[in-house]
Every structure is written in structure tokens, then in C-alpha cells.
Amino acid sequence: MAERIDELFKKVRDFEDEKREIVGELVKSIEEFTKIALVKLVRFMKEDPTGKELLLKAVKEPEVYSLFLKHGLIREDDRIKAIKALELIKPYIRSHGGDVEFVDLKDKVLYVRLKGACTGCSQVSFTLQQTILEAVQSFVPYIERVELAKDTPVEAFIEFSQKKEDYIKAFNVSELKEGHVYRFLHEKIDVILVLWKGKIYAYRNSCAHQGLPLHDGELTKEGILICPWHNFEYSITSGECLTANHVQLVPVYTRIENGYVWLKVE
């Protein structure tokens, strides 16, 4: 469904100004009508104990939560804000061979679980905890420190495989134009690729902000990729986000062989 919505928005952007305005008014009217209906629905459900229970259960579903949040029917609590902050920083951590998971938020302390290359080294863990703290404090300012959950597992870092069967042929190098954003979509693989100053850069086609696709984004002459949805900016050479600290696009390993660009299959 999300992909279909993206396709429709892309078509709308190609409309003439007058038609785009009509579509915009239509979408706004539908959203206003939806909000009125949802407000009434929530009010009726709250009047009955069984309805309240069902409502609380429904809000736990991501799609329902997002819809209610969009229309201002619920407010984000601090736990949700902390989780969102961690989601933003996950691409940066994963690019270094690790991962982070929310465990709890209590008494101004955020408890997390580190995985992969982030575990087993106290210096790495400490540095990462400080990075996480800075990122989360932008959402929940009163958090004072980040601590590791006592049950944090220690996992061995799995070395990147160079086997050819782990890659899939994507583009003919001779057909790539400098500074153009290309999209490679194959089954579950969705990647953007750019030839920039003689080097090829590839990332997952997912903005670190809300996970929306980047392939229609603008690439400036300074090498900055701008998300077409909410204007988050990324350095095309490093994937680092210039809009929010400690956020990064997820890089995709590439290899060039026999005149073609090959992408690592995830």
C-alpha cells in the first residue's frame, strides 16, 4: 500500500499546477472528514469499558497508531519519542556492524541493548552510549544517561563476505551518468546508486527520517542528496545526514566487474 501511495504522489507531481491544487484540496478534505469520523469513533468506544479495552489494543498496531497520531488523537509519550530517536540512529550504528534495541526508560535513564560489533569492547560501548544519549536528548531532553541492559548479549562480528554469489548485477557502468540518482528495485532489494566524481555510491532507498524512498530526491552540485518528502539532506559520499546529528543512510556494498556494477544481496 505504501508503495502504491508513493507511485500516486509521483504522478501528481507531474500534473499541471491547477490540477495539483485540486488534488491537494481533495486530499485535505478527505483527511478532515477522516479526522471527524475518528474523533466520533474514539468517543463512542471510550464510553464503554469493552470499547476502551479494544481501543487500547488497536492503538498498539503501527498503522492505527500512525493514523491516530497524524490526526492528533493521541500524543507521543517519552518512550515512543526515545524509540523514534533510536530508529533514526540505527542506520549509523548498523553501518559500523552493530545494532541497538530499546529496553526501558526509567528515572531519567534510557536502557538499551547493543548487538553485533558494538558489544564486547567497553570503549566502543561507552562511545556509542554517548552518541545515543545526544541523539535521544534531542527528543527527550531530561534523559541524563544511557545504560546497557544487564542481559545484553555478546555477539561475534560477522565479517563481510566477498563471495560473488552474494551479489546481483545491477547497472552497466557505461550507461551511468555523473550526478544522476538511479534506483535499483529487485524483489526485496531497493537501492539508490550515484556515480559521483568517478566513484560509485550506493545506499538503501530509505530516508532515515521516516523510511520513505529517496530516488526522486534532488542531488545538488555540492553532492547533497535532498529527500523529496521532508527535505532531509545527506552527503552522497558518506551517507551522513546533515539535518539531524548521528543519522546516516545505510550503505550497500558494491563491486565492479566486467563493466557492470554488482550490489550485495541482503
# chains A, B, ... in the order shown; residues from 1 in each chain; ligands from 1
>>> residues_around(residues="Ile80 in chain A", least_positions_apart="5", cutoff="10 Å", atoms="only C-alpha atoms", output="VMD selection string")
chain A and resid 75 85 to 86 102 105 139 to 140
>>> select_by_dssp(residues="range 79-264 of chain A", states="helix (DSSP H, G or I)", output="NGL selection string")
:A and (79-94 or 122-137 or 164-166 or 173-175)
>>> write_last_selection(atoms="N, CA, C and O atoms", output="compact mmCIF listing (two decimals), in the first residue's frame")
# COMPACT_ATOMS: atom_id res chain seq x y z
N ARG A 79 8.53 7.33 25.96
CA ARG A 79 9.05 6.04 25.49
C ARG A 79 9.02 5.98 23.96
O ARG A 79 9.99 5.56 23.32
N ILE A 80 7.89 6.41 23.39
CA ILE A 80 7.76 6.42 21.93
C ILE A 80 8.77 7.38 21.30
O ILE A 80 9.39 7.08 20.27
N LYS A 81 8.96 8.54 21.94
CA LYS A 81 9.93 9.50 21.42
C LYS A 81 11.35 8.91 21.44
O LYS A 81 12.13 9.11 20.50
N ALA A 82 11.68 8.20 22.52
CA ALA A 82 13.01 7.58 22.62
C ALA A 82 13.19 6.51 21.55
O ALA A 82 14.26 6.40 20.93
N ILE A 83 12.15 5.72 21.32
CA ILE A 83 12.21 4.68 20.29
C ILE A 83 12.41 5.30 18.91
O ILE A 83 13.19 4.79 18.09
N LYS A 84 11.71 6.41 18.64
CA LYS A 84 11.86 7.10 17.36
C LYS A 84 13.29 7.61 17.19
O LYS A 84 13.87 7.54 16.09
N ALA A 85 13.87 8.13 18.28
CA ALA A 85 15.24 8.62 18.21
C ALA A 85 16.20 7.48 17.89
O ALA A 85 17.14 7.64 17.09
N LEU A 86 15.97 6.32 18.49
CA LEU A 86 16.83 5.16 18.22
C LEU A 86 16.68 4.69 16.78
O LEU A 86 17.66 4.26 16.16
N GLU A 87 15.46 4.77 16.24
CA GLU A 87 15.25 4.37 14.84
C GLU A 87 16.04 5.26 13.90
O GLU A 87 16.55 4.81 12.87
N LEU A 88 16.15 6.54 14.26
CA LEU A 88 16.90 7.47 13.42
C LEU A 88 18.39 7.18 13.42
O LEU A 88 19.08 7.38 12.42
N ILE A 89 18.88 6.71 14.56
CA ILE A 89 20.32 6.49 14.70
C ILE A 89 20.74 5.07 14.29
O ILE A 89 21.92 4.79 14.12
N LYS A 90 19.78 4.17 14.11
CA LYS A 90 20.10 2.78 13.77
C LYS A 90 20.93 2.63 12.50
O LYS A 90 21.87 1.83 12.47
N PRO A 91 20.61 3.35 11.41
CA PRO A 91 21.44 3.21 10.21
C PRO A 91 22.91 3.52 10.46
O PRO A 91 23.79 2.85 9.92
N TYR A 92 23.18 4.53 11.28
CA TYR A 92 24.56 4.89 11.61
C TYR A 92 25.24 3.75 12.36
O TYR A 92 26.38 3.38 12.07
N ILE A 93 24.54 3.18 13.33
CA ILE A 93 25.12 2.08 14.13
C ILE A 93 25.30 0.83 13.28
O ILE A 93 26.33 0.15 13.36
N ARG A 94 24.33 0.54 12.44
CA ARG A 94 24.41 -0.65 11.59
C ARG A 94 25.54 -0.54 10.58
O ARG A 94 26.13 -1.55 10.19
N SER A 122 34.50 -2.33 25.87
CA SER A 122 33.97 -1.30 26.77
C SER A 122 34.12 0.09 26.19
O SER A 122 33.26 0.95 26.36
N GLN A 123 35.24 0.37 25.49
CA GLN A 123 35.47 1.69 24.93
C GLN A 123 34.46 2.00 23.83
O GLN A 123 33.91 3.09 23.76
N VAL A 124 34.22 1.01 22.95
CA VAL A 124 33.24 1.18 21.88
C VAL A 124 31.85 1.40 22.47
O VAL A 124 31.10 2.29 22.05
N SER A 125 31.50 0.59 23.48
CA SER A 125 30.18 0.71 24.11
C SER A 125 30.00 2.08 24.75
O SER A 125 28.94 2.70 24.62
N PHE A 126 31.03 2.57 25.43
CA PHE A 126 30.93 3.88 26.09
C PHE A 126 30.74 4.98 25.06
O PHE A 126 29.89 5.87 25.22
N THR A 127 31.55 4.96 24.01
CA THR A 127 31.44 5.98 22.97
C THR A 127 30.07 5.97 22.33
O THR A 127 29.46 7.02 22.08
N LEU A 128 29.56 4.76 22.07
CA LEU A 128 28.26 4.62 21.44
C LEU A 128 27.14 5.09 22.37
O LEU A 128 26.17 5.70 21.93
N GLN A 129 27.29 4.81 23.65
CA GLN A 129 26.29 5.27 24.61
C GLN A 129 26.19 6.79 24.62
O GLN A 129 25.10 7.35 24.70
N GLN A 130 27.34 7.48 24.50
CA GLN A 130 27.33 8.94 24.46
C GLN A 130 26.67 9.44 23.18
O GLN A 130 25.93 10.43 23.19
N THR A 131 26.92 8.75 22.08
CA THR A 131 26.31 9.12 20.80
C THR A 131 24.79 8.94 20.88
O THR A 131 24.03 9.81 20.42
N ILE A 132 24.35 7.82 21.45
CA ILE A 132 22.92 7.56 21.62
C ILE A 132 22.29 8.61 22.52
O ILE A 132 21.20 9.11 22.24
N LEU A 133 22.99 8.97 23.60
CA LEU A 133 22.46 9.95 24.55
C LEU A 133 22.21 11.28 23.85
O LEU A 133 21.15 11.89 24.02
N GLU A 134 23.15 11.74 23.06
CA GLU A 134 22.99 13.02 22.36
C GLU A 134 21.81 12.98 21.40
O GLU A 134 21.06 13.95 21.29
N ALA A 135 21.65 11.84 20.71
CA ALA A 135 20.56 11.71 19.74
C ALA A 135 19.20 11.70 20.44
O ALA A 135 18.25 12.36 20.00
N VAL A 136 19.10 10.94 21.54
CA VAL A 136 17.83 10.80 22.24
C VAL A 136 17.46 12.07 22.99
O VAL A 136 16.28 12.42 23.10
N GLN A 137 18.45 12.79 23.50
CA GLN A 137 18.16 14.03 24.24
C GLN A 137 17.49 15.09 23.37
O GLN A 137 16.81 15.97 23.90
N LYS A 164 30.97 -14.00 -4.74
CA LYS A 164 30.25 -13.41 -5.85
C LYS A 164 28.76 -13.73 -5.79
O LYS A 164 27.92 -12.91 -6.20
N GLU A 165 28.41 -14.91 -5.27
CA GLU A 165 27.00 -15.28 -5.22
C GLU A 165 26.19 -14.41 -4.28
O GLU A 165 24.96 -14.47 -4.25
N ASP A 166 26.88 -13.60 -3.46
CA ASP A 166 26.18 -12.69 -2.57
C ASP A 166 25.79 -11.39 -3.26
O ASP A 166 25.18 -10.52 -2.65
N VAL A 173 28.05 0.00 -16.25
CA VAL A 173 28.81 1.19 -15.85
C VAL A 173 28.81 2.26 -16.94
O VAL A 173 28.70 3.46 -16.65
N SER A 174 28.90 1.85 -18.18
CA SER A 174 28.97 2.81 -19.29
C SER A 174 27.69 3.62 -19.46
O SER A 174 27.70 4.67 -20.10
N GLU A 175 26.59 3.15 -18.88
CA GLU A 175 25.31 3.84 -19.03
C GLU A 175 25.02 4.81 -17.88
O GLU A 175 24.04 5.55 -17.91
>>> select_by_dssp(residues="range 29-194 of chain A", states="strand (DSSP E)", output="ChimeraX atom specification")
/A:98-106,109-116,145-148,167-172,181-186,189-194
>>> write_last_selection(atoms="N, CA and C atoms", output="mmCIF file, in the first residue's frame")
data_model
loop_
_atom_site.group_PDB
_atom_site.id
_atom_site.type_symbol
_atom_site.label_atom_id
_atom_site.label_comp_id
_atom_site.auth_asym_id
_atom_site.auth_seq_id
_atom_site.Cartn_x
_atom_site.Cartn_y
_atom_site.Cartn_z
ATOM 1 N N GLY A 98 26.886 -2.977 13.929
ATOM 2 C CA GLY A 98 26.148 -3.255 15.158
ATOM 3 C C GLY A 98 24.688 -2.883 15.058
ATOM 4 N N ASP A 99 24.020 -2.883 16.206
ATOM 5 C CA ASP A 99 22.612 -2.509 16.254
ATOM 6 C C ASP A 99 22.265 -2.116 17.688
ATOM 7 N N VAL A 100 21.136 -1.435 17.857
ATOM 8 C CA VAL A 100 20.693 -1.011 19.198
ATOM 9 C C VAL A 100 19.203 -1.296 19.325
ATOM 10 N N GLU A 101 18.783 -1.657 20.524
ATOM 11 C CA GLU A 101 17.386 -2.002 20.775
ATOM 12 C C GLU A 101 16.913 -1.334 22.068
ATOM 13 N N PHE A 102 15.738 -0.728 22.007
ATOM 14 C CA PHE A 102 15.151 -0.093 23.191
ATOM 15 C C PHE A 102 14.728 -1.166 24.187
ATOM 16 N N VAL A 103 15.057 -0.945 25.472
ATOM 17 C CA VAL A 103 14.665 -1.874 26.530
ATOM 18 C C VAL A 103 13.707 -1.198 27.504
ATOM 19 N N ASP A 104 14.092 -0.019 28.034
ATOM 20 C CA ASP A 104 13.237 0.640 29.013
ATOM 21 C C ASP A 104 13.672 2.091 29.192
ATOM 22 N N LEU A 105 12.774 2.893 29.746
ATOM 23 C CA LEU A 105 13.064 4.291 30.091
ATOM 24 C C LEU A 105 12.526 4.516 31.498
ATOM 25 N N LYS A 106 13.438 4.770 32.441
ATOM 26 C CA LYS A 106 13.029 4.870 33.838
ATOM 27 C C LYS A 106 13.980 5.775 34.610
ATOM 28 N N VAL A 109 16.835 7.567 32.940
ATOM 29 C CA VAL A 109 17.857 6.678 32.368
ATOM 30 C C VAL A 109 17.236 5.865 31.221
ATOM 31 N N LEU A 110 17.911 5.856 30.087
ATOM 32 C CA LEU A 110 17.485 5.050 28.955
ATOM 33 C C LEU A 110 18.280 3.751 28.951
ATOM 34 N N TYR A 111 17.592 2.631 28.967
ATOM 35 C CA TYR A 111 18.244 1.324 28.943
ATOM 36 C C TYR A 111 18.129 0.747 27.533
ATOM 37 N N VAL A 112 19.271 0.336 26.975
ATOM 38 C CA VAL A 112 19.294 -0.207 25.621
ATOM 39 C C VAL A 112 20.057 -1.528 25.595
ATOM 40 N N ARG A 113 19.890 -2.243 24.518
ATOM 41 C CA ARG A 113 20.635 -3.476 24.295
ATOM 42 C C ARG A 113 21.455 -3.300 23.011
ATOM 43 N N LEU A 114 22.758 -3.466 23.098
ATOM 44 C CA LEU A 114 23.628 -3.350 21.933
ATOM 45 C C LEU A 114 23.914 -4.727 21.353
ATOM 46 N N LYS A 115 24.075 -4.770 20.037
ATOM 47 C CA LYS A 115 24.308 -6.045 19.363
ATOM 48 C C LYS A 115 25.465 -5.926 18.373
ATOM 49 N N GLY A 116 25.935 -7.065 17.921
ATOM 50 C CA GLY A 116 26.957 -7.112 16.881
ATOM 51 C C GLY A 116 28.282 -6.537 17.315
ATOM 52 N N ARG A 145 21.379 9.821 31.204
ATOM 53 C CA ARG A 145 22.412 8.866 30.788
ATOM 54 C C ARG A 145 21.785 7.652 30.101
ATOM 55 N N VAL A 146 22.651 6.918 29.416
ATOM 56 C CA VAL A 146 22.253 5.678 28.744
ATOM 57 C C VAL A 146 23.010 4.530 29.380
ATOM 58 N N GLU A 147 22.293 3.486 29.731
ATOM 59 C CA GLU A 147 22.922 2.312 30.327
ATOM 60 C C GLU A 147 22.552 1.064 29.533
ATOM 61 N N LEU A 148 23.445 0.081 29.579
ATOM 62 C CA LEU A 148 23.200 -1.173 28.881
ATOM 63 C C LEU A 148 22.358 -2.092 29.761
ATOM 64 N N TYR A 167 26.145 -11.262 -4.544
ATOM 65 C CA TYR A 167 25.895 -10.027 -5.286
ATOM 66 C C TYR A 167 24.936 -10.271 -6.449
ATOM 67 N N ILE A 168 24.306 -9.180 -6.894
ATOM 68 C CA ILE A 168 23.415 -9.255 -8.043
ATOM 69 C C ILE A 168 23.780 -8.145 -9.024
ATOM 70 N N LYS A 169 23.752 -8.475 -10.314
ATOM 71 C CA LYS A 169 24.103 -7.493 -11.345
ATOM 72 C C LYS A 169 23.048 -6.396 -11.398
ATOM 73 N N ALA A 170 23.507 -5.136 -11.384
ATOM 74 C CA ALA A 170 22.551 -4.028 -11.293
ATOM 75 C C ALA A 170 22.594 -3.082 -12.485
ATOM 76 N N PHE A 171 23.775 -2.498 -12.798
ATOM 77 C CA PHE A 171 23.857 -1.489 -13.839
ATOM 78 C C PHE A 171 25.072 -1.707 -14.734
ATOM 79 N N ASN A 172 24.924 -1.271 -15.981
ATOM 80 C CA ASN A 172 26.049 -1.207 -16.899
ATOM 81 C C ASN A 172 26.790 0.094 -16.605
ATOM 82 N N VAL A 181 20.745 10.212 -9.848
ATOM 83 C CA VAL A 181 20.323 9.241 -8.844
ATOM 84 C C VAL A 181 19.567 8.107 -9.527
ATOM 85 N N TYR A 182 20.104 6.895 -9.436
ATOM 86 C CA TYR A 182 19.475 5.727 -10.029
ATOM 87 C C TYR A 182 18.823 4.867 -8.950
ATOM 88 N N ARG A 183 17.748 4.216 -9.332
ATOM 89 C CA ARG A 183 17.079 3.289 -8.409
ATOM 90 C C ARG A 183 17.198 1.861 -8.947
ATOM 91 N N PHE A 184 17.558 0.921 -8.065
ATOM 92 C CA PHE A 184 17.586 -0.494 -8.420
ATOM 93 C C PHE A 184 16.597 -1.224 -7.529
ATOM 94 N N LEU A 185 15.545 -1.758 -8.141
ATOM 95 C CA LEU A 185 14.491 -2.443 -7.398
ATOM 96 C C LEU A 185 14.364 -3.867 -7.911
ATOM 97 N N HIS A 186 14.628 -4.836 -7.040
ATOM 98 C CA HIS A 186 14.552 -6.241 -7.418
ATOM 99 C C HIS A 186 14.093 -7.057 -6.221
ATOM 100 N N ILE A 189 14.977 -6.029 -2.702
ATOM 101 C CA ILE A 189 16.135 -5.132 -2.746
ATOM 102 C C ILE A 189 15.721 -3.798 -3.354
ATOM 103 N N ASP A 190 15.907 -2.703 -2.614
ATOM 104 C CA ASP A 190 15.583 -1.366 -3.093
ATOM 105 C C ASP A 190 16.765 -0.458 -2.758
ATOM 106 N N VAL A 191 17.493 -0.042 -3.801
ATOM 107 C CA VAL A 191 18.758 0.669 -3.610
ATOM 108 C C VAL A 191 18.805 1.905 -4.494
ATOM 109 N N ILE A 192 19.446 2.976 -3.994
ATOM 110 C CA ILE A 192 19.764 4.115 -4.848
ATOM 111 C C ILE A 192 21.268 4.096 -5.107
ATOM 112 N N LEU A 193 21.660 4.508 -6.291
ATOM 113 C CA LEU A 193 23.069 4.481 -6.682
ATOM 114 C C LEU A 193 23.402 5.768 -7.423
ATOM 115 N N VAL A 194 24.595 6.308 -7.136
ATOM 116 C CA VAL A 194 25.040 7.558 -7.760
ATOM 117 C C VAL A 194 26.502 7.431 -8.182
#
>>> atom_distance(atom1="CA of Lys188 in chain A", atom2="CA of Ser206 in chain A")
12.7 Å
>>> closest_atom_pairs(of="range 139-252 of chain A", to="range 5-27 of chain A", cutoff="10 Å", atoms="only C-alpha atoms", output="Markdown table")
| residue | atom | partner | partner_atom | distance |
| --- | --- | --- | --- | --- |
| A:Leu212 | CA | A:Asp6 | CA | 8.5 |
| A:Pro213 | CA | A:Asp6 | CA | 8.2 |
| A:Asp216 | CA | A:Lys10 | CA | 8.5 |
>>> residues_around(residues="Ala208 in chain A", least_positions_apart="2", cutoff="7 Å", atoms="only C-alpha atoms", output="list in words")
Leu88, Ser206, Gln210, Gly211, Val247, Gln248 and Leu249 of chain A
>>> atom_distance(atom1="CA of Thr254 in chain A", atom2="CA of Ala202 in chain A")
7.2 Å
>>> atom_distance(atom1="CA of His230 in chain A", atom2="CA of Phe68 in chain A")
20.3 Å
>>> closest_residue(among="A:Glu233, A:Glu218, A:Asp78, A:Glu32", to="Pro141 in chain A", atoms="only C-alpha atoms")
A:Asp78
>>> residues_around(residues="Glu178 in chain A", least_positions_apart="3", cutoff="8 Å", atoms="only C-alpha atoms", output="list in words")
Val194, Leu195, Trp196, Lys197 and Gly198 of chain A
